[in-house]
>>> print(open('target.cif').read())   # mmCIF, C-alpha atoms and all ligand atoms
data_upload
loop_
_atom_site.group_PDB
_atom_site.id
_atom_site.type_symbol
_atom_site.label_atom_id
_atom_site.label_comp_id
_atom_site.auth_asym_id
_atom_site.auth_seq_id
_atom_site.Cartn_x
_atom_site.Cartn_y
_atom_site.Cartn_z
ATOM 1 C CA GLY X 1 38.130 2.109 15.186
ATOM 2 C CA LYS X 2 38.728 4.425 12.258
ATOM 3 C CA GLN X 3 40.174 7.875 12.827
ATOM 4 C CA THR X 4 37.871 10.518 11.383
ATOM 5 C CA GLY X 5 39.409 13.646 12.897
ATOM 6 C CA ARG X 6 42.058 14.710 15.391
ATOM 7 C CA ASN X 7 40.066 13.610 18.420
ATOM 8 C CA ASN X 8 37.183 11.855 16.817
ATOM 9 C CA PHE X 9 37.235 8.141 16.695
ATOM 10 C CA GLN X 10 34.391 6.162 15.242
ATOM 11 C CA PHE X 11 34.211 2.665 16.559
ATOM 12 C CA TYR X 12 32.720 -0.140 14.581
ATOM 13 C CA THR X 13 31.327 -2.818 16.784
ATOM 14 C CA PRO X 14 30.883 -6.353 15.504
ATOM 15 C CA ALA X 15 27.127 -5.777 15.650
ATOM 16 C CA MET X 16 27.390 -2.761 13.341
ATOM 17 C CA ASN X 17 29.538 -4.771 11.015
ATOM 18 C CA GLU X 18 26.968 -7.488 10.942
ATOM 19 C CA GLN X 19 24.228 -4.994 10.206
ATOM 20 C CA ALA X 20 26.208 -3.440 7.386
ATOM 21 C CA LEU X 21 26.979 -6.869 6.014
ATOM 22 C CA GLU X 22 23.355 -7.918 6.162
ATOM 23 C CA ARG X 23 22.405 -4.773 4.318
ATOM 24 C CA LEU X 24 25.010 -5.382 1.641
ATOM 25 C CA ARG X 25 23.904 -8.945 1.300
ATOM 26 C CA ILE X 26 20.228 -8.052 1.056
ATOM 27 C CA GLU X 27 21.066 -5.397 -1.523
ATOM 28 C CA GLY X 28 23.022 -7.879 -3.608
ATOM 29 C CA ASP X 29 20.304 -10.491 -3.351
ATOM 30 C CA LEU X 30 17.609 -7.920 -4.111
ATOM 31 C CA ARG X 31 19.255 -7.298 -7.483
ATOM 32 C CA ASN X 32 18.676 -10.906 -8.479
ATOM 33 C CA ALA X 33 15.383 -11.561 -6.728
ATOM 34 C CA LEU X 34 13.237 -10.568 -9.723
ATOM 35 C CA ASP X 35 15.193 -12.756 -12.147
ATOM 36 C CA HIS X 36 15.037 -15.639 -9.697
ATOM 37 C CA GLY X 37 11.278 -15.303 -9.313
ATOM 38 C CA GLU X 38 11.510 -14.779 -5.544
ATOM 39 C CA PHE X 39 8.768 -12.159 -5.229
ATOM 40 C CA LEU X 40 5.122 -12.928 -4.735
ATOM 41 C CA LEU X 41 2.026 -10.966 -3.863
ATOM 42 C CA HIS X 42 -0.305 -11.414 -0.963
ATOM 43 C CA TYR X 43 -3.769 -9.884 -1.093
ATOM 44 C CA GLN X 44 -5.668 -8.363 1.788
ATOM 45 C CA PRO X 45 -9.468 -8.191 1.411
ATOM 46 C CA LYS X 46 -11.289 -4.858 1.588
ATOM 47 C CA VAL X 47 -14.798 -5.247 2.963
ATOM 48 C CA ASP X 48 -17.635 -2.919 1.962
ATOM 49 C CA LEU X 49 -19.634 -2.248 5.120
ATOM 50 C CA ALA X 50 -22.903 -1.452 3.322
ATOM 51 C CA SER X 51 -23.102 -4.809 1.538
ATOM 52 C CA GLY X 52 -20.899 -6.850 3.864
ATOM 53 C CA ARG X 53 -19.017 -8.103 0.826
ATOM 54 C CA VAL X 54 -15.367 -8.261 -0.206
ATOM 55 C CA ILE X 55 -15.114 -5.735 -3.024
ATOM 56 C CA GLY X 56 -11.396 -5.285 -3.386
ATOM 57 C CA SER X 57 -7.908 -6.321 -2.428
ATOM 58 C CA GLU X 58 -4.643 -4.627 -1.625
ATOM 59 C CA ALA X 59 -1.652 -6.283 -3.270
ATOM 60 C CA LEU X 60 1.304 -6.444 -0.859
ATOM 61 C CA ILE X 61 4.700 -7.698 -1.942
ATOM 62 C CA ARG X 62 6.534 -10.554 -0.232
ATOM 63 C CA TRP X 63 10.075 -11.774 -0.852
ATOM 64 C CA GLN X 64 10.699 -15.485 -0.537
ATOM 65 C CA HIS X 65 14.452 -15.410 0.099
ATOM 66 C CA PRO X 66 16.186 -18.778 -0.429
ATOM 67 C CA GLN X 67 18.058 -18.568 2.913
ATOM 68 C CA LEU X 68 16.295 -15.902 4.964
ATOM 69 C CA GLY X 69 12.770 -17.141 4.296
ATOM 70 C CA MET X 70 9.901 -14.687 3.925
ATOM 71 C CA VAL X 71 11.310 -11.142 4.094
ATOM 72 C CA SER X 72 8.767 -8.423 4.879
ATOM 73 C CA PRO X 73 8.566 -5.291 2.724
ATOM 74 C CA ALA X 74 9.559 -3.181 5.740
ATOM 75 C CA ARG X 75 13.030 -4.713 5.356
ATOM 76 C CA PHE X 76 13.562 -4.151 1.650
ATOM 77 C CA ILE X 77 11.217 -1.513 0.155
ATOM 78 C CA GLY X 78 13.367 1.347 1.524
ATOM 79 C CA LEU X 79 16.500 -0.247 0.120
ATOM 80 C CA ALA X 80 14.748 -0.866 -3.186
ATOM 81 C CA GLU X 81 13.862 2.823 -3.314
ATOM 82 C CA GLU X 82 17.429 3.962 -2.537
ATOM 83 C CA THR X 83 18.935 1.706 -5.183
ATOM 84 C CA GLY X 84 16.348 2.381 -7.880
ATOM 85 C CA LEU X 85 15.424 -1.296 -7.886
ATOM 86 C CA ILE X 86 11.902 -0.208 -6.932
ATOM 87 C CA LEU X 87 11.290 0.640 -10.605
ATOM 88 C CA PRO X 88 11.555 -2.899 -12.014
ATOM 89 C CA ILE X 89 10.078 -4.362 -8.813
ATOM 90 C CA GLY X 90 7.152 -1.919 -8.866
ATOM 91 C CA ALA X 91 6.528 -2.655 -12.538
ATOM 92 C CA TRP X 92 6.426 -6.355 -11.726
ATOM 93 C CA VAL X 93 3.967 -5.770 -8.847
ATOM 94 C CA LEU X 94 1.649 -3.740 -11.053
ATOM 95 C CA ARG X 95 1.554 -6.319 -13.832
ATOM 96 C CA ALA X 96 1.194 -9.292 -11.494
ATOM 97 C CA ALA X 97 -1.606 -7.628 -9.510
ATOM 98 C CA CYS X 98 -3.555 -6.609 -12.627
ATOM 99 C CA THR X 99 -3.148 -10.072 -14.160
ATOM 100 C CA GLN X 100 -4.409 -11.709 -10.980
ATOM 101 C CA CYS X 101 -7.347 -9.358 -10.567
ATOM 102 C CA ARG X 102 -8.444 -9.897 -14.177
ATOM 103 C CA GLN X 103 -8.299 -13.648 -13.588
ATOM 104 C CA TRP X 104 -10.646 -13.291 -10.606
ATOM 105 C CA GLN X 105 -12.994 -11.169 -12.678
ATOM 106 C CA LEU X 106 -13.095 -13.739 -15.479
ATOM 107 C CA GLY X 107 -13.634 -16.431 -12.860
ATOM 108 C CA GLY X 108 -16.968 -14.884 -11.929
ATOM 109 C CA TYR X 109 -16.098 -12.000 -9.612
ATOM 110 C CA ALA X 110 -16.583 -9.214 -12.128
ATOM 111 C CA ASP X 111 -16.631 -6.412 -9.588
ATOM 112 C CA ILE X 112 -13.443 -7.183 -7.708
ATOM 113 C CA SER X 113 -10.757 -4.507 -7.785
ATOM 114 C CA VAL X 114 -7.090 -4.403 -6.819
ATOM 115 C CA SER X 115 -5.028 -1.710 -5.129
ATOM 116 C CA VAL X 116 -1.318 -1.288 -5.734
ATOM 117 C CA ASN X 117 1.083 0.829 -3.653
ATOM 118 C CA LEU X 118 3.137 3.295 -5.674
ATOM 119 C CA SER X 119 6.554 4.455 -4.462
ATOM 120 C CA VAL X 120 7.956 7.952 -5.014
ATOM 121 C CA GLY X 121 10.398 6.710 -7.635
ATOM 122 C CA GLN X 122 7.619 5.117 -9.651
ATOM 123 C CA PHE X 123 5.375 8.128 -9.287
ATOM 124 C CA LEU X 124 8.047 10.437 -10.723
ATOM 125 C CA GLN X 125 8.936 8.129 -13.605
ATOM 126 C CA LYS X 126 8.392 9.914 -16.906
ATOM 127 C CA ASP X 127 6.459 7.112 -18.556
ATOM 128 C CA LEU X 128 4.285 6.213 -15.541
ATOM 129 C CA VAL X 129 0.949 6.911 -17.228
ATOM 130 C CA SER X 130 1.783 5.135 -20.469
ATOM 131 C CA SER X 131 3.285 2.136 -18.667
ATOM 132 C CA ILE X 132 0.101 1.747 -16.614
ATOM 133 C CA ALA X 133 -1.973 2.095 -19.786
ATOM 134 C CA ASP X 134 0.121 -0.704 -21.325
ATOM 135 C CA VAL X 135 -0.424 -3.010 -18.360
ATOM 136 C CA LEU X 136 -4.195 -2.391 -18.445
ATOM 137 C CA GLU X 137 -4.307 -3.103 -22.153
ATOM 138 C CA ASP X 138 -2.154 -6.231 -21.924
ATOM 139 C CA THR X 139 -4.057 -7.721 -18.994
ATOM 140 C CA GLY X 140 -7.533 -6.596 -20.073
ATOM 141 C CA LEU X 141 -8.229 -5.170 -16.615
ATOM 142 C CA PRO X 142 -10.803 -2.351 -16.779
ATOM 143 C CA PRO X 143 -9.113 0.865 -15.550
ATOM 144 C CA GLU X 144 -11.743 1.431 -12.853
ATOM 145 C CA SER X 145 -10.736 -1.929 -11.326
ATOM 146 C CA LEU X 146 -7.262 -0.616 -10.544
ATOM 147 C CA GLU X 147 -6.654 1.647 -7.585
ATOM 148 C CA LEU X 148 -3.297 3.279 -6.897
ATOM 149 C CA GLU X 149 -2.395 3.976 -3.265
ATOM 150 C CA LEU X 150 -0.267 7.103 -2.950
ATOM 151 C CA THR X 151 1.147 8.720 0.166
ATOM 152 C CA GLU X 152 0.837 12.396 1.007
ATOM 153 C CA SER X 153 4.616 12.891 1.071
ATOM 154 C CA LEU X 154 4.842 11.478 -2.434
ATOM 155 C CA MET X 155 2.386 14.092 -3.669
ATOM 156 C CA MET X 156 3.777 16.965 -1.610
ATOM 157 C CA THR X 157 7.372 16.894 -2.904
ATOM 158 C CA ASP X 158 6.292 18.943 -5.912
ATOM 159 C CA VAL X 159 2.592 19.734 -5.757
ATOM 160 C CA GLU X 160 2.129 21.242 -9.208
ATOM 161 C CA HIS X 161 4.010 18.384 -10.846
ATOM 162 C CA ALA X 162 2.023 15.875 -8.793
ATOM 163 C CA ILE X 163 -1.297 17.386 -9.846
ATOM 164 C CA GLY X 164 -0.248 16.959 -13.489
ATOM 165 C CA ILE X 165 0.614 13.290 -12.973
ATOM 166 C CA LEU X 166 -2.591 12.649 -11.025
ATOM 167 C CA ALA X 167 -4.618 14.234 -13.814
ATOM 168 C CA GLY X 168 -2.927 11.940 -16.341
ATOM 169 C CA LEU X 169 -3.740 8.910 -14.219
ATOM 170 C CA LYS X 170 -7.337 10.043 -13.731
ATOM 171 C CA LYS X 171 -7.696 10.379 -17.497
ATOM 172 C CA LEU X 172 -6.805 6.704 -17.798
ATOM 173 C CA GLY X 173 -9.767 5.945 -15.560
ATOM 174 C CA VAL X 174 -7.893 4.375 -12.645
ATOM 175 C CA ARG X 175 -8.873 5.240 -9.066
ATOM 176 C CA LEU X 176 -6.571 7.161 -6.762
ATOM 177 C CA SER X 177 -6.313 6.740 -3.024
ATOM 178 C CA ILE X 178 -4.342 8.642 -0.384
ATOM 179 C CA ASP X 179 -2.689 6.018 1.809
ATOM 180 C CA ASP X 180 -1.856 6.542 5.504
ATOM 181 C CA PHE X 181 -4.088 9.617 5.410
ATOM 182 C CA GLY X 182 -3.542 12.030 8.281
ATOM 183 C CA THR X 183 0.098 11.170 8.914
ATOM 184 C CA GLY X 184 1.704 13.298 6.194
ATOM 185 C CA TYR X 185 2.067 16.961 5.524
ATOM 186 C CA SER X 186 -0.612 17.578 2.959
ATOM 187 C CA SER X 187 -2.666 20.658 3.501
ATOM 188 C CA LEU X 188 -6.413 20.234 3.408
ATOM 189 C CA ALA X 189 -6.473 22.888 0.699
ATOM 190 C CA TYR X 190 -4.742 20.456 -1.667
ATOM 191 C CA LEU X 191 -7.414 17.830 -1.203
ATOM 192 C CA LYS X 192 -9.577 20.015 -3.377
ATOM 193 C CA ARG X 193 -6.965 20.147 -6.116
ATOM 194 C CA PHE X 194 -5.856 16.508 -6.073
ATOM 195 C CA PRO X 195 -8.242 14.485 -8.267
ATOM 196 C CA ILE X 196 -8.473 11.621 -5.784
ATOM 197 C CA ASP X 197 -11.254 9.134 -5.070
ATOM 198 C CA VAL X 198 -10.450 7.538 -1.723
ATOM 199 C CA LEU X 199 -9.020 8.473 1.683
ATOM 200 C CA LYS X 200 -7.413 5.640 3.602
ATOM 201 C CA ILE X 201 -7.303 6.338 7.332
ATOM 202 C CA ASP X 202 -3.940 5.352 8.766
ATOM 203 C CA ARG X 203 -3.679 2.404 11.108
ATOM 204 C CA SER X 204 -2.120 4.564 13.834
ATOM 205 C CA PHE X 205 -5.454 6.408 14.299
ATOM 206 C CA VAL X 206 -7.617 3.306 13.992
ATOM 207 C CA ARG X 207 -5.564 1.405 16.552
ATOM 208 C CA ASP X 208 -6.640 3.512 19.514
ATOM 209 C CA ILE X 209 -10.072 4.831 18.494
ATOM 210 C CA THR X 210 -11.758 2.990 21.338
ATOM 211 C CA ILE X 211 -9.306 4.158 24.021
ATOM 212 C CA ASP X 212 -7.957 7.534 22.903
ATOM 213 C CA ALA X 213 -10.438 10.401 22.505
ATOM 214 C CA ASP X 214 -8.108 12.316 20.157
ATOM 215 C CA ASP X 215 -7.683 9.391 17.774
ATOM 216 C CA ALA X 216 -11.440 8.831 17.884
ATOM 217 C CA ALA X 217 -12.091 12.480 17.029
ATOM 218 C CA ILE X 218 -9.522 12.489 14.210
ATOM 219 C CA THR X 219 -10.985 9.335 12.692
ATOM 220 C CA ALA X 220 -14.570 10.624 12.879
ATOM 221 C CA SER X 221 -13.413 13.901 11.310
ATOM 222 C CA ILE X 222 -11.639 12.193 8.425
ATOM 223 C CA ILE X 223 -14.784 10.150 7.704
ATOM 224 C CA SER X 224 -16.891 13.296 7.798
ATOM 225 C CA LEU X 225 -14.410 15.178 5.595
ATOM 226 C CA ALA X 226 -14.461 12.357 3.044
ATOM 227 C CA ARG X 227 -18.247 12.295 2.934
ATOM 228 C CA HIS X 228 -18.475 16.027 2.411
ATOM 229 C CA LEU X 229 -15.867 15.918 -0.342
ATOM 230 C CA LYS X 230 -17.745 12.942 -1.870
ATOM 231 C CA LEU X 231 -14.735 10.656 -1.497
ATOM 232 C CA ARG X 232 -14.857 7.070 -0.365
ATOM 233 C CA VAL X 233 -13.185 6.360 2.943
ATOM 234 C CA ILE X 234 -11.537 3.170 4.138
ATOM 235 C CA ALA X 235 -9.961 2.341 7.492
ATOM 236 C CA GLU X 236 -6.835 0.155 7.601
ATOM 237 C CA GLY X 237 -5.587 -1.951 10.486
ATOM 238 C CA VAL X 238 -9.024 -2.817 11.882
ATOM 239 C CA GLU X 239 -8.425 -5.536 14.459
ATOM 240 C CA THR X 240 -11.375 -5.538 16.870
ATOM 241 C CA ASP X 241 -15.175 -5.562 16.847
ATOM 242 C CA GLU X 242 -15.160 -2.366 18.909
ATOM 243 C CA GLN X 243 -13.150 -0.562 16.235
ATOM 244 C CA LEU X 244 -15.506 -1.900 13.583
ATOM 245 C CA ASP X 245 -18.579 -0.688 15.513
ATOM 246 C CA TYR X 246 -17.094 2.779 15.862
ATOM 247 C CA LEU X 247 -16.205 3.005 12.153
ATOM 248 C CA ARG X 248 -19.606 1.717 11.120
ATOM 249 C CA HIS X 249 -21.331 4.210 13.415
ATOM 250 C CA TYR X 250 -19.504 7.149 11.859
ATOM 251 C CA GLY X 251 -20.226 5.945 8.333
ATOM 252 C CA CYS X 252 -16.888 4.573 7.153
ATOM 253 C CA ASP X 253 -17.391 2.898 3.736
ATOM 254 C CA GLU X 254 -14.856 0.079 3.873
ATOM 255 C CA ILE X 255 -12.526 -1.664 6.259
ATOM 256 C CA GLN X 256 -9.342 -3.649 5.922
ATOM 257 C CA GLY X 257 -7.540 -5.420 8.751
ATOM 258 C CA TYR X 258 -6.751 -8.546 10.714
ATOM 259 C CA LEU X 259 -10.292 -8.578 12.166
ATOM 260 C CA PHE X 260 -11.514 -9.991 8.896
ATOM 261 C CA SER X 261 -8.286 -11.231 7.287
ATOM 262 C CA PRO X 262 -4.523 -10.615 7.075
ATOM 263 C CA PRO X 263 -2.944 -10.417 3.605
ATOM 264 C CA VAL X 264 -3.156 -13.946 2.120
ATOM 265 C CA PRO X 265 -1.803 -15.792 -0.930
ATOM 266 C CA ALA X 266 -3.930 -15.640 -4.104
ATOM 267 C CA ASP X 267 -5.483 -19.105 -3.697
ATOM 268 C CA LYS X 268 -6.591 -18.291 -0.163
ATOM 269 C CA PHE X 269 -8.047 -14.998 -1.384
ATOM 270 C CA GLU X 270 -10.087 -16.941 -3.915
ATOM 271 C CA GLN X 271 -11.596 -19.041 -1.115
ATOM 272 C CA ILE X 272 -12.586 -15.824 0.635
ATOM 273 C CA LEU X 273 -14.212 -14.556 -2.582
ATOM 274 C CA ARG X 274 -16.407 -17.657 -2.682
ATOM 275 C CA GLN X 275 -18.051 -16.640 0.586
ATOM 276 C CA ASP X 276 -21.120 -14.455 0.178
ATOM 277 C CA ARG X 277 -21.571 -11.836 2.894
ATOM 278 C CA VAL X 278 -18.567 -11.827 5.177
ATOM 279 C CA MET X 279 -19.595 -9.153 7.688
HETATM 280 P P1 LIG O 1 0.784 -0.126 3.794
HETATM 281 O O1 LIG O 1 0.575 0.236 2.365
HETATM 282 O O2 LIG O 1 0.288 0.831 4.817
HETATM 283 O O3 LIG O 1 0.123 -1.566 3.964
HETATM 284 C C1 LIG O 1 -0.586 -1.979 5.108
HETATM 285 C C2 LIG O 1 0.296 -2.812 6.009
HETATM 286 O O4 LIG O 1 -0.432 -3.061 7.221
HETATM 287 C C3 LIG O 1 0.647 -4.185 5.457
HETATM 288 O O5 LIG O 1 1.950 -4.514 5.929
HETATM 289 C C4 LIG O 1 -0.397 -5.081 6.102
HETATM 290 O O6 LIG O 1 0.002 -6.441 6.197
HETATM 291 C C5 LIG O 1 -0.500 -4.456 7.454
HETATM 292 N N1 LIG O 1 -1.797 -4.724 8.082
HETATM 293 C C6 LIG O 1 -2.969 -4.957 7.493
HETATM 294 N N2 LIG O 1 -3.965 -5.119 8.389
HETATM 295 C C7 LIG O 1 -3.394 -4.975 9.606
HETATM 296 C C8 LIG O 1 -3.906 -5.032 10.958
HETATM 297 O O7 LIG O 1 -5.096 -5.236 11.211
HETATM 298 N N3 LIG O 1 -2.999 -4.818 11.968
HETATM 299 C C9 LIG O 1 -1.683 -4.586 11.722
HETATM 300 N N4 LIG O 1 -0.869 -4.417 12.771
HETATM 301 N N5 LIG O 1 -1.170 -4.530 10.468
HETATM 302 C C10 LIG O 1 -2.016 -4.719 9.423
HETATM 303 P P2 LIG O 1 3.067 -5.113 4.960
HETATM 304 O O8 LIG O 1 2.444 -6.047 3.970
HETATM 305 O O9 LIG O 1 4.177 -5.623 5.808
HETATM 306 O O10 LIG O 1 3.549 -3.849 4.142
HETATM 307 C C11 LIG O 1 4.211 -2.792 4.796
HETATM 308 C C12 LIG O 1 4.390 -1.623 3.876
HETATM 309 O O11 LIG O 1 5.296 -1.941 2.809
HETATM 310 C C13 LIG O 1 3.106 -1.165 3.199
HETATM 311 O O12 LIG O 1 2.347 -0.366 4.089
HETATM 312 C C14 LIG O 1 3.671 -0.399 2.013
HETATM 313 O O13 LIG O 1 4.050 0.893 2.404
HETATM 314 C C15 LIG O 1 4.918 -1.193 1.682
HETATM 315 N N6 LIG O 1 4.624 -2.108 0.562
HETATM 316 C C16 LIG O 1 4.108 -3.353 0.570
HETATM 317 N N7 LIG O 1 3.989 -3.846 -0.676
HETATM 318 C C17 LIG O 1 4.426 -2.869 -1.516
HETATM 319 C C18 LIG O 1 4.554 -2.764 -2.950
HETATM 320 O O14 LIG O 1 4.201 -3.662 -3.735
HETATM 321 N N8 LIG O 1 5.070 -1.583 -3.437
HETATM 322 C C19 LIG O 1 5.439 -0.557 -2.613
HETATM 323 N N9 LIG O 1 5.927 0.559 -3.166
HETATM 324 N N10 LIG O 1 5.317 -0.628 -1.282
HETATM 325 C C20 LIG O 1 4.823 -1.774 -0.731
HETATM 326 CA CA CA O 2 -1.190 0.759 1.173
HETATM 327 CA CA CA O 3 -1.504 2.248 4.547
HETATM 328 CA CA CA O 4 0.424 2.402 7.070
#
>>> encode(input="target.cif", output="structure tokens", more="lines below")
Ligand code: C2E
Ligand code: CA
Ligand code: CA
Ligand code: CA
Amino acid sequence: GKQTGRNNFQFYTPAMNEQALERLRIEGDLRNALDHGEFLLHYQPKVDLASGRVIGSEALIRWQHPQLGMVSPARFIGLAEETGLILPIGAWVLRAACTQCRQWQLGGYADISVSVNLSVGQFLQKDLVSSIADVLEDTGLPPESLELELTESLMMTDVEHAIGILAGLKKLGVRLSIDDFGTGYSSLAYLKRFPIDVLKIDRSFVRDITIDADDAAITASIISLARHLKLRVIAEGVETDEQLDYLRHYGCDEIQGYLFSPPVPADKFEQILRQDRVM
């Protein structure tokens, strides 16, 4: 143990050491993962309930670590944010997702869109708008085919500043979505001022809509709110037919979740695109 004060001893157990070591190792490896080409994107289909068709995809990063195997973003996105590595990684995600989506469009699926998650660090980067404009120009992806998923906390750190950035993004023509909606601290009053297009209902509400009256009420209210504000609304984490029925009944526009498909590699996503109506 290390002495931190007269009577305060902090003990390091072997387990803590191992954790710290793993963290250090992951951080070191994360620095090289881009150069080594270890990242890839999986795509999860978004199904439009009116047409029963796949109309979009969410790009989700995966890390194929040479020793650890597939590392989930839950294990490294936080670390990437703390170390600033999220900037080059996020830039890679954006370019790879836009390139892929444009390829699908040229392959005959002209209306398919792609959603990309933006981290706080990326959002606050000075050249965010121009770097996205560059990627759109280089890849040929129409701006309206790109959706950015932003969290409430990301927008609430500095509301006035955020509104300025959002306006710049809107001017480009990309679509803006509030991810994990309902879990953050945004005031409803700001919904009016944020130039957003989509509300994405968080999985934690969707999970229990058929068993918890509060979650059911919250979900129905978010759908109603979105309709009145003329925003599209999508539910994430849809796993059962009962959840789907409920969402359909209340007029949810789109769903995403294991019920239809988990996130899949690009070639698998293409097979899904070849199907006509899926729901
Ligand atoms: P998120 O943006 O909320 O993404 C949805 C997560 O829910 C994904 O986890 C997805 O695989 C999972 N999911 C989808 N459908 C279902 C379902 O029906 N049931 C359940 N239980 N889970 C479902 P994933 O891919 O592990 O990503 C976790 C988080 O990591 C994401 O949450 C996002 O916050 C972050 N992330 C992933 N890729 C990126 C990225 O490229 N950039 C940034 N900044 N963050 C990313
Ligand atoms: Ca998301
Ligand atoms: Ca989400
Ligand atoms: Ca979530």
>>> closest_residue(input="target.cif", among="X:Leu49, X:Ile86, X:Leu68, X:Ile77", to="Arg232 (chain X)", atoms="all atoms listed in the file")
X:Leu49
>>> residues_around(input="target.cif", residues="Pro262 (chain X)", least_positions_apart="6", cutoff="10 Å", atoms="only C-alpha atoms", output="PyMOL selection string")
chain X and resi 42-45+237+239+256
>>> residues_near_ligand(input="target.cif", ligand="ligand CA 2 (chain O)", cutoff="9 Å", atoms="all atoms listed in the file", output="number ranges by chain")
X: 58-60, 115-118, 148-151, 177-180, 200, 236
>>> residues_around(input="target.cif", residues="Gly108 (chain X)", least_positions_apart="5", cutoff="12 Å", atoms="only C-alpha atoms", output="short mmCIF file (atom, residue, chain, number, x, y, z; two decimals) with C-alpha atoms, in the frame of the given file")
data_model
loop_
_atom_site.label_atom_id
_atom_site.label_comp_id
_atom_site.auth_asym_id
_atom_site.auth_seq_id
_atom_site.Cartn_x
_atom_site.Cartn_y
_atom_site.Cartn_z
CA CYS X 101 -7.35 -9.36 -10.57
CA ARG X 102 -8.44 -9.90 -14.18
CA GLN X 103 -8.30 -13.65 -13.59
CA GLU X 270 -10.09 -16.94 -3.92
CA LEU X 273 -14.21 -14.56 -2.58
CA ARG X 274 -16.41 -17.66 -2.68
#
>>> resolve_selection(input="target.cif", expression="the PyMOL selection byres (((chain X and resi 17-32) around 12) and not hetatm)", output="JSON, numbers by chain")
{"X": [1, 11, 12, 13, 14, 15, 16, 33, 34, 35, 36, 37, 38, 39, 63, 64, 65, 66, 67, 68, 71, 73, 75, 76, 77, 78, 79, 80, 81, 82, 83, 84, 85, 86, 87, 88, 89]}
>>> write_last_selection(input="target.cif", atoms="C-alpha atoms", output="compact mmCIF listing (two decimals), keeping the file's coordinate frame")
# COMPACT_ATOMS: atom_id res chain seq x y z
CA GLY X 1 38.13 2.11 15.19
CA PHE X 11 34.21 2.66 16.56
CA TYR X 12 32.72 -0.14 14.58
CA THR X 13 31.33 -2.82 16.78
CA PRO X 14 30.88 -6.35 15.50
CA ALA X 15 27.13 -5.78 15.65
CA MET X 16 27.39 -2.76 13.34
CA ALA X 33 15.38 -11.56 -6.73
CA LEU X 34 13.24 -10.57 -9.72
CA ASP X 35 15.19 -12.76 -12.15
CA HIS X 36 15.04 -15.64 -9.70
CA GLY X 37 11.28 -15.30 -9.31
CA GLU X 38 11.51 -14.78 -5.54
CA PHE X 39 8.77 -12.16 -5.23
CA TRP X 63 10.07 -11.77 -0.85
CA GLN X 64 10.70 -15.48 -0.54
CA HIS X 65 14.45 -15.41 0.10
CA PRO X 66 16.19 -18.78 -0.43
CA GLN X 67 18.06 -18.57 2.91
CA LEU X 68 16.30 -15.90 4.96
CA VAL X 71 11.31 -11.14 4.09
CA PRO X 73 8.57 -5.29 2.72
CA ARG X 75 13.03 -4.71 5.36
CA PHE X 76 13.56 -4.15 1.65
CA ILE X 77 11.22 -1.51 0.16
CA GLY X 78 13.37 1.35 1.52
CA LEU X 79 16.50 -0.25 0.12
CA ALA X 80 14.75 -0.87 -3.19
CA GLU X 81 13.86 2.82 -3.31
CA GLU X 82 17.43 3.96 -2.54
CA THR X 83 18.93 1.71 -5.18
CA GLY X 84 16.35 2.38 -7.88
CA LEU X 85 15.42 -1.30 -7.89
CA ILE X 86 11.90 -0.21 -6.93
CA LEU X 87 11.29 0.64 -10.60
CA PRO X 88 11.56 -2.90 -12.01
CA ILE X 89 10.08 -4.36 -8.81
>>> resolve_selection(input="target.cif", expression="the PyMOL selection byres (((chain X and resi 144) around 10) and not hetatm)", output="MDAnalysis selection string")
chainID X and resid 111 113:114 141:143 145:147 170 172:176
>>> closest_residue(input="target.cif", among="X:Cys252, X:Ile211, X:Ala96, X:Leu166", to="ligand LIG 1 (chain O)", atoms="all atoms listed in the file")
X:Ala96
>>> atom_distance(input="target.cif", atom1="CA of Val47 (chain X)", atom2="atom C13 of ligand LIG 1 (chain O)")
18.4 Å
>>> resolve_selection(input="target.cif", expression="the PyMOL selection byres (((chain X and resi 193) around 12) and not hetatm)", output="list in words")
Met155, Val159, Glu160, Ala162, Ile163, Gly164, Leu166, Ala167, Ser186, Ser187, Leu188, Ala189, Tyr190, Leu191, Lys192, Phe194, Pro195, Ile196, Asp197 and Leu229 of chain X
>>> atom_distance(input="target.cif", atom1="CA of Gln105 (chain X)", atom2="CA of Val129 (chain X)")
23.3 Å
>>> decode(input="target.cif", residues="region 38-44 of chain X", atoms="N, CA and C atoms", output="short mmCIF file (atom, residue, chain, number, x, y, z; two decimals), in the first residue's frame")
data_model
loop_
_atom_site.label_atom_id
_atom_site.label_comp_id
_atom_site.auth_asym_id
_atom_site.auth_seq_id
_atom_site.Cartn_x
_atom_site.Cartn_y
_atom_site.Cartn_z
N GLU X 38 -7.09 -1.18 -37.69
CA GLU X 38 -7.82 -2.14 -36.85
C GLU X 38 -9.28 -1.78 -36.61
N PHE X 39 -9.69 -0.59 -37.05
CA PHE X 39 -11.10 -0.21 -36.87
C PHE X 39 -11.93 -0.63 -38.07
N LEU X 40 -13.18 -0.93 -37.80
CA LEU X 40 -14.13 -1.16 -38.88
C LEU X 40 -15.49 -0.65 -38.42
N LEU X 41 -16.40 -0.54 -39.37
CA LEU X 41 -17.74 -0.08 -39.02
C LEU X 41 -18.73 -1.21 -39.23
N HIS X 42 -19.66 -1.31 -38.29
CA HIS X 42 -20.83 -2.14 -38.50
C HIS X 42 -21.99 -1.19 -38.73
N TYR X 43 -23.02 -1.70 -39.40
CA TYR X 43 -24.16 -0.85 -39.75
C TYR X 43 -25.44 -1.51 -39.25
N GLN X 44 -26.24 -0.73 -38.52
CA GLN X 44 -27.51 -1.28 -38.06
C GLN X 44 -28.64 -0.64 -38.88
#
